[in-house]
Structure formats: structure tokens, C-alpha cells
file data32.txt (compact mmCIF, C-alpha atoms and all ligand atoms)
# COMPACT_ATOMS: atom_id res chain seq x y z
CA MET U 29 0.00 0.00 0.00
CA SER U 30 1.25 3.46 -0.85
CA ARG U 31 -0.17 6.15 1.33
CA PHE U 32 0.07 9.86 0.70
CA ARG U 33 -1.20 12.93 2.49
CA MET U 34 -3.90 14.73 0.53
CA TYR U 35 -4.45 18.47 0.53
CA PRO U 36 -7.98 19.12 -0.74
CA THR U 37 -9.39 22.61 -1.10
CA SER U 38 -12.20 23.53 1.28
CA GLU U 39 -14.88 22.79 -1.36
CA GLN U 40 -13.28 19.46 -2.13
CA GLU U 41 -13.09 18.69 1.57
CA GLU U 42 -16.79 19.36 1.97
CA GLN U 43 -17.59 16.99 -0.90
CA MET U 44 -15.24 14.33 0.43
CA LEU U 45 -16.79 14.49 3.90
CA LEU U 46 -20.14 13.90 2.24
CA HIS U 47 -18.69 10.86 0.46
CA CYS U 48 -17.48 9.61 3.84
CA SER U 49 -20.92 9.87 5.40
CA HIS U 50 -22.59 8.16 2.44
CA ALA U 51 -20.07 5.33 2.48
CA ARG U 52 -20.48 4.92 6.24
CA TYR U 53 -24.26 4.94 5.99
CA VAL U 54 -24.30 2.28 3.28
CA TRP U 55 -21.71 0.14 5.09
CA ASN U 56 -23.67 0.30 8.34
CA LEU U 57 -26.87 -0.70 6.52
CA ALA U 58 -25.02 -3.75 5.22
CA VAL U 59 -23.78 -4.56 8.73
CA GLU U 60 -27.31 -4.26 10.04
CA GLN U 61 -28.73 -6.54 7.36
CA HIS U 62 -26.17 -9.19 8.18
CA SER U 63 -26.56 -8.85 11.95
CA HIS U 64 -30.21 -9.80 11.60
CA TRP U 65 -29.26 -13.18 10.27
CA HIS U 66 -29.39 -16.22 12.50
CA ARG U 67 -29.56 -19.94 11.97
CA GLY U 68 -32.67 -21.00 10.11
CA ARG U 69 -33.34 -17.60 8.60
CA LYS U 70 -33.01 -16.87 4.89
CA SER U 71 -29.45 -15.81 4.15
CA ALA U 72 -28.61 -12.12 4.30
CA PRO U 73 -28.40 -10.39 0.92
CA GLY U 74 -25.11 -10.64 -0.95
CA PHE U 75 -23.36 -7.92 -2.91
CA ALA U 76 -25.49 -8.15 -6.07
CA GLU U 77 -28.74 -8.02 -4.14
CA GLN U 78 -27.47 -5.18 -1.95
CA ALA U 79 -26.40 -3.19 -4.99
CA ARG U 80 -29.91 -3.61 -6.42
CA GLN U 81 -31.41 -2.49 -3.12
CA LEU U 82 -29.11 0.52 -3.13
CA THR U 83 -30.48 1.62 -6.50
CA GLU U 84 -33.96 1.40 -5.02
CA ALA U 85 -32.95 3.29 -1.91
CA ARG U 86 -31.38 6.00 -4.04
CA ARG U 87 -34.66 6.42 -5.89
CA GLU U 88 -36.45 7.05 -2.61
CA SER U 89 -33.92 9.02 -0.59
CA GLU U 90 -33.02 12.51 -1.71
CA TRP U 91 -29.94 12.51 0.48
CA LEU U 92 -28.54 9.24 -0.89
CA ARG U 93 -29.31 10.30 -4.45
CA SER U 94 -27.30 13.48 -4.02
CA GLY U 95 -24.22 11.36 -3.39
CA ASN U 96 -22.02 9.52 -5.83
CA GLN U 97 -23.26 6.06 -6.74
CA THR U 98 -19.83 4.53 -7.33
CA VAL U 99 -18.68 5.59 -3.88
CA GLN U 100 -21.75 3.96 -2.35
CA VAL U 101 -21.44 0.77 -4.40
CA GLN U 102 -17.77 0.57 -3.45
CA ALA U 103 -18.78 0.66 0.22
CA LEU U 104 -20.92 -2.42 -0.44
CA GLN U 105 -18.09 -4.04 -2.35
CA ASP U 106 -15.73 -3.35 0.56
CA PHE U 107 -18.24 -4.87 2.93
CA ALA U 108 -18.56 -8.00 0.78
CA LYS U 109 -14.78 -8.37 0.73
CA ALA U 110 -14.48 -7.81 4.48
CA LYS U 111 -17.23 -10.34 5.07
CA ALA U 112 -15.59 -12.93 2.83
CA ALA U 113 -12.22 -12.45 4.54
CA ARG U 114 -13.54 -12.43 8.11
CA PHE U 115 -11.76 -15.65 9.06
CA THR U 116 -8.43 -14.80 7.45
CA SER U 117 -8.08 -11.03 7.69
CA GLY U 118 -7.57 -10.88 11.43
CA PHE U 119 -10.27 -8.25 11.74
CA GLY U 120 -13.17 -10.68 12.21
CA GLU U 121 -16.75 -9.81 11.31
CA PRO U 122 -17.20 -6.38 9.73
CA THR U 123 -18.56 -4.02 12.36
CA TRP U 124 -20.12 -0.61 12.67
CA ARG U 125 -18.37 2.45 11.36
CA LYS U 126 -18.54 5.50 13.56
CA LYS U 127 -18.63 9.14 12.67
CA PHE U 128 -15.27 10.92 13.13
CA ARG U 129 -13.61 7.62 13.93
CA HIS U 130 -13.90 5.61 10.72
CA GLU U 131 -14.13 8.20 8.01
CA GLY U 132 -13.23 7.08 4.53
CA PHE U 133 -14.38 5.84 1.16
CA ARG U 134 -12.97 3.88 -1.74
CA VAL U 135 -12.57 5.22 -5.25
CA ILE U 136 -12.29 2.93 -8.23
CA GLY U 137 -10.11 4.13 -11.10
CA ASP U 138 -11.70 5.67 -14.20
CA ASP U 139 -9.12 4.57 -16.69
CA ARG U 140 -9.25 1.20 -18.50
CA VAL U 141 -6.03 -0.64 -19.23
CA PRO U 142 -5.51 -4.08 -20.78
CA GLU U 143 -4.91 -6.80 -18.23
CA PHE U 144 -2.12 -9.38 -18.52
CA ASN U 145 -1.60 -12.89 -17.21
CA PRO U 146 1.28 -13.54 -14.82
CA ASP U 147 3.32 -14.97 -17.73
CA GLY U 148 3.02 -11.71 -19.68
CA THR U 149 0.43 -12.74 -22.27
CA ALA U 150 -2.71 -10.69 -22.77
CA LYS U 151 -5.64 -11.80 -20.64
CA VAL U 152 -8.56 -12.86 -22.84
CA ASN U 153 -12.16 -13.47 -21.86
CA VAL U 154 -12.80 -17.18 -22.45
CA LYS U 155 -16.36 -16.70 -23.69
CA THR U 156 -16.06 -13.66 -25.92
CA GLY U 157 -12.40 -13.92 -26.89
CA LYS U 158 -11.94 -10.22 -26.12
CA GLN U 159 -9.12 -8.57 -24.22
CA VAL U 160 -9.95 -8.15 -20.52
CA MET U 161 -9.71 -4.53 -19.43
CA ALA U 162 -8.89 -3.55 -15.86
CA ARG U 163 -9.49 -0.32 -14.01
CA ALA U 164 -6.69 2.08 -13.29
CA VAL U 165 -6.51 5.18 -11.16
CA VAL U 166 -5.61 8.31 -13.08
CA VAL U 167 -2.77 10.10 -11.37
CA GLN U 168 -1.03 13.18 -12.68
CA LYS U 169 2.28 14.61 -11.75
CA ILE U 170 2.33 18.32 -11.00
CA ASN U 171 5.99 18.67 -10.16
CA ARG U 172 8.71 16.82 -8.29
CA ARG U 173 6.86 16.90 -4.98
CA TRP U 174 3.22 17.14 -5.87
CA ALA U 175 0.79 15.02 -7.81
CA GLN U 176 -2.98 14.94 -8.18
CA VAL U 177 -5.64 12.28 -8.37
CA LYS U 178 -9.26 12.37 -9.52
CA VAL U 179 -11.92 11.98 -6.84
CA PRO U 180 -15.58 11.77 -7.93
CA GLY U 181 -17.32 15.11 -7.64
CA CYS U 182 -14.12 16.89 -6.61
CA GLY U 183 -12.05 16.92 -9.77
CA TRP U 184 -8.31 16.82 -9.23
CA VAL U 185 -7.20 16.61 -5.60
CA ARG U 186 -3.57 17.34 -4.82
CA PHE U 187 -1.43 15.01 -2.77
CA ARG U 188 2.14 15.10 -1.68
CA ASN U 189 4.08 12.54 -3.70
CA THR U 190 6.73 11.23 -1.35
CA ARG U 191 7.86 8.30 -3.49
CA PRO U 192 9.70 8.09 -6.77
CA GLY U 193 7.34 7.61 -9.70
CA LEU U 194 3.57 7.64 -9.56
CA PRO U 195 1.37 5.08 -7.80
CA ASP U 196 -0.15 2.56 -10.20
CA ALA U 197 -3.30 1.00 -8.72
CA LYS U 198 -6.81 -0.08 -9.62
CA THR U 199 -8.41 1.59 -6.63
CA PHE U 200 -7.51 3.81 -3.74
CA ARG U 201 -9.03 4.57 -0.40
CA VAL U 202 -9.42 8.06 0.96
CA THR U 203 -9.38 8.41 4.74
CA PHE U 204 -9.89 11.29 7.10
CA LYS U 205 -8.43 11.03 10.57
CA ASN U 206 -7.14 13.55 13.08
CA GLY U 207 -7.84 16.36 10.66
CA GLN U 208 -5.69 14.84 7.92
CA TRP U 209 -6.68 13.39 4.58
CA HIS U 210 -4.78 10.48 3.13
CA ALA U 211 -5.00 8.50 -0.07
CA ALA U 212 -3.94 4.87 0.18
CA PHE U 213 -3.40 3.27 -3.21
CA ALA U 214 -4.10 -0.45 -3.32
CA ILE U 215 -0.66 -1.71 -4.25
CA ILE U 216 0.91 -4.85 -2.85
CA PRO U 217 4.65 -4.20 -2.89
CA ASP U 218 7.06 -6.99 -3.76
CA PRO U 219 8.56 -8.66 -0.71
CA ILE U 220 12.07 -7.63 0.23
CA ALA U 221 14.64 -10.15 -1.00
CA ALA U 222 16.69 -11.96 1.64
CA PRO U 223 20.28 -10.74 1.79
CA GLY U 224 21.49 -14.35 1.52
CA THR U 225 24.07 -14.09 4.29
CA GLY U 226 22.39 -16.78 6.37
CA GLU U 227 22.30 -14.43 9.32
CA ILE U 228 19.67 -15.07 11.98
CA ILE U 229 18.53 -12.42 14.40
CA GLY U 230 16.60 -12.92 17.61
CA ILE U 231 14.42 -10.15 18.95
CA ASP U 232 13.25 -9.77 22.52
CA ARG U 233 10.54 -7.21 22.99
CA GLY U 234 10.25 -5.40 26.28
CA VAL U 235 8.84 -2.31 27.89
CA LYS U 236 12.13 -0.66 28.88
CA ILE U 237 13.80 -1.56 25.61
CA THR U 238 11.31 -2.00 22.79
CA ALA U 239 13.40 -4.45 20.82
CA ALA U 240 16.67 -5.96 21.99
CA LEU U 241 18.51 -7.68 19.14
CA SER U 242 20.70 -10.72 19.67
CA ASP U 243 23.67 -8.85 18.13
CA GLY U 244 23.63 -6.53 21.15
CA ARG U 245 21.79 -3.65 19.58
CA THR U 246 18.83 -2.11 21.38
CA LEU U 247 16.10 -0.30 19.49
CA ASN U 248 13.61 2.02 21.10
CA CYS U 249 10.24 3.05 19.84
CA PRO U 250 9.88 6.83 20.11
CA GLN U 251 7.17 8.10 22.39
CA LEU U 252 5.96 11.51 23.43
CA THR U 253 8.64 13.69 24.97
CA VAL U 254 8.42 14.68 28.63
CA LYS U 255 7.24 18.11 27.56
CA GLU U 256 4.55 16.69 25.30
CA ARG U 257 3.35 14.36 28.02
CA ALA U 258 3.05 17.32 30.35
CA GLN U 259 0.97 19.05 27.69
CA VAL U 260 -1.32 16.03 27.46
CA ARG U 261 -1.87 16.14 31.21
CA LYS U 262 -2.47 19.88 31.13
CA HIS U 263 -5.15 19.64 28.46
CA GLN U 264 -6.76 16.66 30.15
CA ARG U 265 -6.93 18.62 33.38
CA ARG U 266 -8.43 21.66 31.68
CA ALA U 267 -10.96 19.47 29.89
CA ALA U 268 -11.98 17.89 33.18
CA ARG U 269 -12.61 21.29 34.72
CA ALA U 270 -14.44 22.78 31.76
CA PRO U 271 -18.25 22.93 31.94
CA LYS U 272 -20.08 19.92 30.60
CA ALA U 273 -20.63 19.85 26.81
CA SER U 274 -18.89 23.20 26.40
CA ALA U 275 -16.90 24.25 23.36
CA GLN U 276 -13.88 24.62 25.65
CA LYS U 277 -14.10 21.00 26.74
CA ALA U 278 -14.24 19.84 23.14
CA ALA U 279 -11.28 22.04 22.23
CA GLU U 280 -9.15 20.68 25.08
CA TYR U 281 -9.97 17.08 24.17
CA ALA U 282 -9.12 17.86 20.56
CA LYS U 283 -5.67 19.02 21.67
CA VAL U 284 -5.15 15.79 23.63
CA ALA U 285 -6.24 13.77 20.61
CA LYS U 286 -3.80 15.63 18.40
CA LEU U 287 -0.87 14.81 20.68
CA LYS U 288 -1.93 11.18 20.95
CA ALA U 289 -2.19 11.00 17.18
CA ARG U 290 1.34 12.35 16.92
CA GLU U 291 2.57 9.58 19.21
CA ALA U 292 0.80 6.94 17.14
CA ASP U 293 2.33 8.38 13.96
CA ARG U 294 5.80 8.22 15.46
CA ARG U 295 5.28 4.63 16.56
CA LYS U 296 4.03 3.59 13.15
CA ASP U 297 6.92 5.31 11.41
CA TRP U 298 9.41 3.59 13.69
CA CYS U 299 7.82 0.18 13.12
CA GLU U 300 7.92 0.65 9.36
CA LYS U 301 11.56 1.69 9.31
CA THR U 302 12.66 -0.99 11.75
CA SER U 303 10.80 -3.79 9.97
CA THR U 304 12.33 -2.75 6.65
CA MET U 305 15.78 -2.75 8.24
CA LEU U 306 15.21 -6.24 9.69
CA ALA U 307 13.90 -7.61 6.40
CA ARG U 308 16.85 -6.18 4.49
CA THR U 309 19.64 -7.16 6.88
CA TYR U 310 18.75 -10.65 8.08
CA ASP U 311 17.78 -13.89 6.40
CA LEU U 312 15.69 -15.09 9.31
CA VAL U 313 14.04 -13.00 11.98
CA ARG U 314 12.94 -14.70 15.18
CA PHE U 315 10.53 -13.07 17.58
CA GLU U 316 9.66 -14.47 20.95
CA LYS U 317 6.07 -15.59 20.90
CA LEU U 318 3.87 -13.20 22.80
CA ASN U 319 0.18 -13.19 23.37
CA ILE U 320 -0.24 -9.44 23.61
CA LYS U 321 -3.98 -9.70 23.96
CA ASN U 322 -3.62 -11.82 27.09
CA MET U 323 -0.70 -9.78 28.40
CA THR U 324 -2.67 -6.56 28.26
CA ARG U 325 -5.78 -7.89 29.93
CA SER U 326 -7.20 -5.64 32.58
CA ALA U 327 -6.66 -6.45 36.26
CA LYS U 328 -10.13 -5.16 36.90
CA ARG U 329 -12.49 -8.00 37.68
CA THR U 330 -16.04 -7.51 38.95
CA VAL U 331 -17.68 -5.10 41.33
CA GLN U 332 -18.09 -7.85 43.94
CA ASP U 333 -14.58 -9.18 43.44
CA PRO U 334 -12.35 -6.28 42.42
CA GLY U 335 -8.81 -7.07 41.32
CA THR U 336 -5.76 -5.59 42.94
CA ARG U 337 -3.37 -2.99 41.54
CA VAL U 338 -5.77 -2.22 38.72
CA ALA U 339 -4.28 1.21 37.96
CA GLN U 340 -0.73 -0.16 37.89
CA LYS U 341 -1.75 -2.93 35.55
CA SER U 342 -3.54 -0.52 33.25
CA GLY U 343 -0.41 1.62 33.25
CA LEU U 344 1.67 -1.39 32.27
CA ASN U 345 -0.85 -2.28 29.59
CA ARG U 346 -0.58 1.20 28.18
CA ALA U 347 3.20 0.93 28.20
CA ILE U 348 3.05 -2.42 26.40
CA LEU U 349 0.68 -1.15 23.76
CA ALA U 350 2.79 1.99 23.30
CA GLN U 351 5.68 -0.18 22.14
CA GLY U 352 4.02 -1.33 18.95
CA TRP U 353 5.16 -4.96 19.46
CA GLY U 354 2.40 -6.43 17.36
CA LEU U 355 2.81 -3.96 14.52
CA LEU U 356 6.56 -4.57 14.30
CA ARG U 357 6.06 -8.32 14.06
CA ARG U 358 3.25 -7.97 11.53
CA ARG U 359 5.03 -5.53 9.25
CA THR U 360 8.23 -7.60 9.29
CA GLU U 361 6.19 -10.62 8.21
CA HIS U 362 4.61 -8.57 5.39
CA LYS U 363 7.99 -7.44 4.12
CA ALA U 364 9.81 -10.74 4.59
CA PRO U 365 7.13 -13.42 4.13
CA GLY U 366 8.32 -16.85 5.26
CA ARG U 367 11.41 -15.42 6.92
CA VAL U 368 9.83 -14.61 10.29
CA GLU U 369 9.49 -17.16 13.06
CA ASP U 370 7.84 -17.14 16.46
CA VAL U 371 9.86 -18.80 19.19
CA PRO U 372 7.99 -19.89 22.33
CA ALA U 373 9.03 -17.52 25.07
CA PRO U 374 9.26 -19.50 28.35
CA TYR U 375 12.56 -19.04 30.18
CA THR U 376 14.19 -16.96 27.43
CA SER U 377 14.78 -14.24 29.99
CA LEU U 378 16.07 -16.60 32.72
CA ARG U 379 18.23 -18.92 30.64
CA CYS U 380 21.94 -18.27 30.31
CA SER U 381 22.73 -17.88 26.61
CA ALA U 382 26.28 -19.14 27.19
CA CYS U 383 25.69 -22.40 29.09
CA GLY U 384 21.94 -22.98 29.10
CA TRP U 385 21.48 -22.84 32.87
CA ILE U 386 18.03 -21.63 33.83
CA ASP U 387 17.77 -19.87 37.15
CA LYS U 388 15.69 -16.93 38.22
CA ASN U 389 18.54 -15.73 40.43
CA SER U 390 20.62 -15.14 37.33
CA ARG U 391 18.56 -12.10 36.55
CA LYS U 392 20.00 -9.63 39.02
CA SER U 393 17.88 -6.68 37.96
CA GLN U 394 15.81 -5.43 35.07
CA ALA U 395 18.92 -4.86 32.95
CA GLU U 396 21.59 -7.12 34.42
CA PHE U 397 22.08 -10.81 33.78
CA VAL U 398 24.76 -12.76 35.66
CA CYS U 399 24.65 -16.53 35.24
CA SER U 400 24.57 -18.18 38.65
CA PHE U 401 26.29 -21.25 37.19
CA CYS U 402 29.03 -20.07 34.80
CA GLY U 403 29.22 -16.39 35.71
CA PHE U 404 28.43 -15.18 32.17
CA THR U 405 27.52 -11.49 32.32
CA CYS U 406 25.36 -9.75 29.78
CA ASN U 407 22.56 -7.27 29.34
CA ALA U 408 19.42 -9.17 30.32
CA ASP U 409 17.53 -8.23 27.16
CA THR U 410 20.42 -9.11 24.87
CA ASN U 411 20.72 -12.44 26.67
CA ALA U 412 17.03 -13.13 26.06
CA ALA U 413 17.36 -12.07 22.41
CA THR U 414 20.28 -14.48 21.95
CA ASN U 415 18.11 -17.28 23.33
CA VAL U 416 15.37 -16.32 20.90
CA ALA U 417 17.86 -16.34 18.01
CA VAL U 418 18.84 -19.93 18.82
CA GLY U 419 15.22 -20.86 18.25
CA GLN U 420 13.05 -23.73 19.28
CA ALA U 421 15.85 -26.01 20.45
CA VAL U 422 16.44 -24.27 23.76
CA ARG U 423 12.90 -24.55 24.94
CA PRO U 424 12.56 -26.78 28.01
CA ARG U 425 10.27 -29.48 26.72
CA LYS U 426 7.29 -30.44 28.79
CA THR U 427 6.99 -34.09 29.73
CA PRO U 428 4.15 -35.96 28.00
CA SER U 429 2.08 -35.82 31.16
CA GLY U 430 2.17 -32.07 30.87
CA THR U 431 3.14 -31.54 34.48
CA GLY U 432 5.70 -28.93 33.49
CA GLY U 433 8.71 -31.13 34.09
CA ALA U 434 11.69 -30.75 31.80
CA THR U 435 14.36 -32.87 30.22
CA PRO U 436 17.54 -33.07 32.31
CA ARG U 437 19.47 -30.80 29.97
CA GLN U 438 16.99 -27.94 30.13
CA ARG U 439 15.55 -28.60 33.54
CA SER U 440 13.48 -25.73 34.72
CA SER U 441 15.74 -24.37 37.42
CA VAL U 442 13.32 -21.75 38.43
CA ARG U 443 12.94 -24.28 41.20
CA GLU U 444 15.98 -24.87 43.33
CA PRO U 445 17.91 -27.99 42.22
CA GLN U 446 16.88 -30.96 44.39
CA HIS U 447 20.31 -32.61 44.51
CA PRO U 448 23.65 -30.90 44.97
CA THR U 449 25.20 -32.40 41.85
CA GLY U 450 24.08 -33.44 38.45
CA VAL U 451 20.55 -32.24 38.38
CA GLY U 452 19.92 -29.24 36.18
CA ILE U 453 23.57 -28.76 35.38
CA PRO U 454 24.05 -28.91 31.66
CA ARG U 455 26.49 -31.36 30.15
CA LEU U 456 29.10 -29.14 28.59
ZN ZN Y 501 25.84 -19.69 32.26

call {"tool": "encode", "arguments": {"input": "data32.txt", "output": "C-alpha cells"}}
result
Amino acid sequence: MSRFRMYPTSEQEEQMLLHCSHARYVWNLAVEQHSHWHRGRKSAPGFAEQARQLTEARRESEWLRSGNQTVQVQALQDFAKAKAARFTSGFGEPTWRKKFRHEGFRVIGDDRVPEFNPDGTAKVNVKTGKQVMARAVVVQKINRRWAQVKVPGCGWVRFRNTRPGLPDAKTFRVTFKNGQWHAAFAIIPDPIAAPGTGEIIGIDRGVKITAALSDGRTLNCPQLTVKERAQVRKHQRRAARAPKASAQKAAEYAKVAKLKAREADRRKDWCEKTSTMLARTYDLVRFEKLNIKNMTRSAKRTVQDPGTRVAQKSGLNRAILAQGWGLLRRRTEHKAPGRVEDVPAPYTSLRCSACGWIDKNSRKSQAEFVCSFCGFTCNADTNAATNVAVGQAVRPRKTPSGTGGATPRQRSSVREPQHPTGVGIPRL
């Protein structure tokens, strides 16, 4: 996907906001139709039926009719695709789109270009014997930095072209978030080729250090500066003290949202750059397997049975989510498909990467690792990353009974060794 910031004029912006509301309205109607379905009922209407219903609805509703039909049909098409991919996309069932939060619409290209088969021959319709024509988005270059794209009802809309060449896509999606317009062209980039050095890197993700690499490097995801965080608190405080539903309250919350959006942008940028670096430099990238969803579960339980240290846990959750662990893993996989592995995490932070001894006493502090068996000293995160780089082999295997026992070589020494000699000490 190639994404560019758009700079519409105020008239264009008005028209595009209208497109957004039409697309959202049509999408939500589709969601509603499908949510009515349950076992035994006639199946919910598919794309073709919905498109027919849309034509009818346009005849009756003045408001819908005033909008662009292609934009509305594309919303249905998007819904059909999302519905079809609900088990594989990772997003699950398509859900409601909210005003201000999910603003956007898809535009299908006006231009027709001949389509080709993967082997380079012209694609021909089997029945008619005619050349198959595909859609293409019309993009024009204005100068070195600027280009423009056609949006229905708006004419040419300028965008900042931050890549060499012009995007070549069949469709693009326009989004509006945090006061910014973006155009995302539907392009699947070629995966990054492996460097072929055979180098393997292990990555340990943490809260203090976002990503510790097994070669000793530590990478940190940028966050808000101390000053910016103070600003967030200031505006939150002012918002809390402003009268209910006042313009002042809204303005203060808008300022908070702007700062938070800046943080998210920084995180995303860092993840993109880091994942590209990983995909370019290493043949195989190993991440420790994390279940972020479970890790960031709230400590809050029920009113009758409240959990303890709820605020601390929510703070930790926030810190975990601020690291962009999931995004980094996901984007690396996109860029280096088949070259990313998940290594089960148990004991990677307690195991000595030099001799294999596992002991919780080896971890002296958050940052320091001193092996209680061989005396190997290392940064704790680098030590864990080295264990991750070694891969599956170091994992203490559970006994078939599943009682958590381990093979003698990788005995879980989180427990004290039962006998003075032999047990738990690796054969060197
Ligand atoms: Zn050791």
C-alpha cells in the first residue's frame, strides 16, 4: 500500500466528507442486514442483491441520491470483501463504522487498461475472446513533490508525492483522521529479497527496551517527549474542569487527541523503518512468541470481586501497547514473508545464553544478567534475544504428562535444584 497525504481545497473537503458519510451509511446498513441473520433464517443479501437495493434506496432518498453512486457501491463491495475475509483477515466480522472515527471511502479508477496474465500474455475473456480490461486510477504529476488524483465530484485533488514515480493502482481509499486526509493506493509491494548471508537475528521485545537484538543492539520506539506528556496532562486537566458539553471541553480534548495522534504516527513510522531494516539485513528474523492480547488484559475484575493494583496494571498495559510490538512483528512478516518465526518464550529471559542454565537468580535486575552457574555477564535483554535467536531447540520441553517437568538438559531451574550435583547442570 502506498499512502500519501492529501491536501484538498475547502470545497473538495466538503464533498469528500459527504462521500465519507454516504459510504459509512451504506456500510452500516449492510452490517445491520447481516446482523439480523441467525440460523434457520433466509441468508442475508449478498453484494449483487445489496447493490440492487441501493439503487432502489437512491430512488427514494433525496440525500442518498445526491451522493455519488460509485462511492456507495464501493462501500458495499468493501463490505462484501471484508465479510468474505472475516476468518483470514484478522479483523473478524465487519462491524459498525462511527462518525469521526472511521471516516473514509474507496474510489475505483476511471481509466481502463488491458490486463495481462502472470506470464506476460494478454488476458482474454474465455467466452467472448476479447481482451480483458482492468481499471486504473488516473494520477497526474504536477511537479517533483506534488501530484494529483481524480476523486468523484471533486475533480483533481492534490497530494504530496513522497515516493519516486507515480502510484499505479486499480483503486484507492481516501481516509480522514485527526484532521488529515490520506489517499492509500491499493498496491501490494514486492517482498524484500533476503540478503542471503544466512544471518539469523533474535528479537526480545520489552517495555524498557522496545526491541533488543541478539547482536547486542537495542532499538527504542519513540514516544511523546516529557514536555509533550506534560501538555497532554495539562489539556486533560483543563478538559476535566471545563463545563459539561462546552466548546472549551471539546477544544481541550481535541488538543489531547492531536498529541496522541502524533505519538501513534511516530510509533508507526518507527515500526515501518525498523521492519524494513530487519527484512533487508537478516535472512531469518525470530521473535519471541507473545500473546499481547492476554498480556494486556485488565486487572479489573467484577464489582463484587475487584482485582488488585488495577491502575498499575492498566499503566503497564498502556506501556506495552505503546511499544508497537504487534505492529513490528506484523510488518516484518509482510515485508519478509516466510522469513519470520515465532519462538515460544518460556525461560528466554532466565536462561543463560552461554551455558543454558536456567535460574531466576541469574537475573539480578531489570537490565543485568549474571549466570549463577558459569558467571556469564550480559545485558538481560540481549541475553534473552540471543536465546530467541537460537530458536526452538532451547525450549525446556514439557513431559508428555504435561506436568511442566523438563528434560535433564533444560531442567526448569526456576525451582531450586533438588540434589547438589548433576541435576539441572548442563552437560558441557
Ligand atoms: Zn551460564

call {"tool": "residues_near_ligand", "arguments": {"input": "data32.txt", "ligand": "ligand ZN 501 (chain Y)", "cutoff": "12 Å", "atoms": "all atoms listed in the file", "output": "MDAnalysis selection string"}}
result
chainID U and resid 378:387 389:391 397:406 411 452:456

call {"tool": "residues_around", "arguments": {"input": "data32.txt", "residues": "U:Gly343", "least_positions_apart": "3", "cutoff": "12 Å", "atoms": "only C-alpha atoms", "output": "ChimeraX atom specification"}}
result
/U:235,324-327,337-340,346-350

call {"tool": "residues_around", "arguments": {"input": "data32.txt", "residues": "U:Leu318", "least_positions_apart": "3", "cutoff": "12 Å", "atoms": "all atoms listed in the file", "output": "VMD selection string"}}
result
chain U and resid 231 to 234 314 to 315 321 to 324 348 353 to 354 357 369 to 374 376

call {"tool": "atom_distance", "arguments": {"input": "data32.txt", "atom1": "atom CA of U:Val165", "atom2": "atom CA of U:Ala197"}}
result
5.8 Å

call {"tool": "atom_distance", "arguments": {"input": "data32.txt", "atom1": "atom CA of U:Phe32", "atom2": "atom CA of U:Val260"}}
result
27.5 Å

call {"tool": "residues_around", "arguments": {"input": "data32.txt", "residues": "U:Gln97", "least_positions_apart": "5", "cutoff": "9 Å", "atoms": "only C-alpha atoms", "output": "ChimeraX atom specification"}}
result
/U:82-83,86,92,102

call {"tool": "residues_near_point", "arguments": {"input": "data32.txt", "point": "(-16.2, 20.3, -2.3)", "cutoff": "12 Å", "atoms": "all atoms listed in the file", "output": "PyMOL selection string"}}
result
chain U and resi 36-47+179-185

call {"tool": "atom_distance", "arguments": {"input": "data32.txt", "atom1": "atom CA of U:Phe213", "atom2": "atom CA of U:Phe187"}}
result
11.9 Å

call {"tool": "closest_atom_pairs", "arguments": {"input": "data32.txt", "of": "stretch 88-184 of chain U", "to": "stretch 56-69 of chain U", "cutoff": "7 Å", "atoms": "only C-alpha atoms", "output": "JSON lines"}}
result
{"residue": "U:Pro122", "atom": "CA", "partner": "U:Val59", "partner_atom": "CA", "distance": 6.9}
{"residue": "U:Thr123", "atom": "CA", "partner": "U:Val59", "partner_atom": "CA", "distance": 6.4}
{"residue": "U:Trp124", "atom": "CA", "partner": "U:Asn56", "partner_atom": "CA", "distance": 5.7}
{"residue": "U:Arg125", "atom": "CA", "partner": "U:Asn56", "partner_atom": "CA", "distance": 6.5}

call {"tool": "residues_near_point", "arguments": {"input": "data32.txt", "point": "(-0.9, -2.2, 0.9)", "cutoff": "12 Å", "atoms": "all atoms listed in the file", "output": "ChimeraX atom specification"}}
result
/U:29-31,195,197,199-201,211-219,359,362-363

call {"tool": "residues_around", "arguments": {"input": "data32.txt", "residues": "U:Ala110", "least_positions_apart": "3", "cutoff": "9 Å", "atoms": "all atoms listed in the file", "output": "VMD selection string"}}
result
chain U and resid 105 to 107 113 to 114 117 119 to 122

call {"tool": "closest_residue", "arguments": {"input": "data32.txt", "among": "U:Gly230, U:Lys277, U:Lys288, U:Thr225", "to": "U:Gln251", "atoms": "all atoms listed in the file"}}
result
U:Lys288

call {"tool": "residues_around", "arguments": {"input": "data32.txt", "residues": "U:Arg173", "least_positions_apart": "5", "cutoff": "12 Å", "atoms": "only C-alpha atoms", "output": "list in words"}}
result
Phe32, Arg33, Gln168, Arg186, Phe187, Arg188, Asn189, Thr190, Arg191, Pro192, Gly193 and Leu194 of chain U

call {"tool": "closest_residue", "arguments": {"input": "data32.txt", "among": "U:Arg163, U:Lys205, U:Arg245, U:Lys286", "to": "U:Lys127", "atoms": "all atoms listed in the file"}}
result
U:Lys205

call {"tool": "closest_residue", "arguments": {"input": "data32.txt", "among": "U:Leu312, U:Ala412, U:Val101, U:Cys249", "to": "U:Trp298", "atoms": "all atoms listed in the file"}}
result
U:Cys249
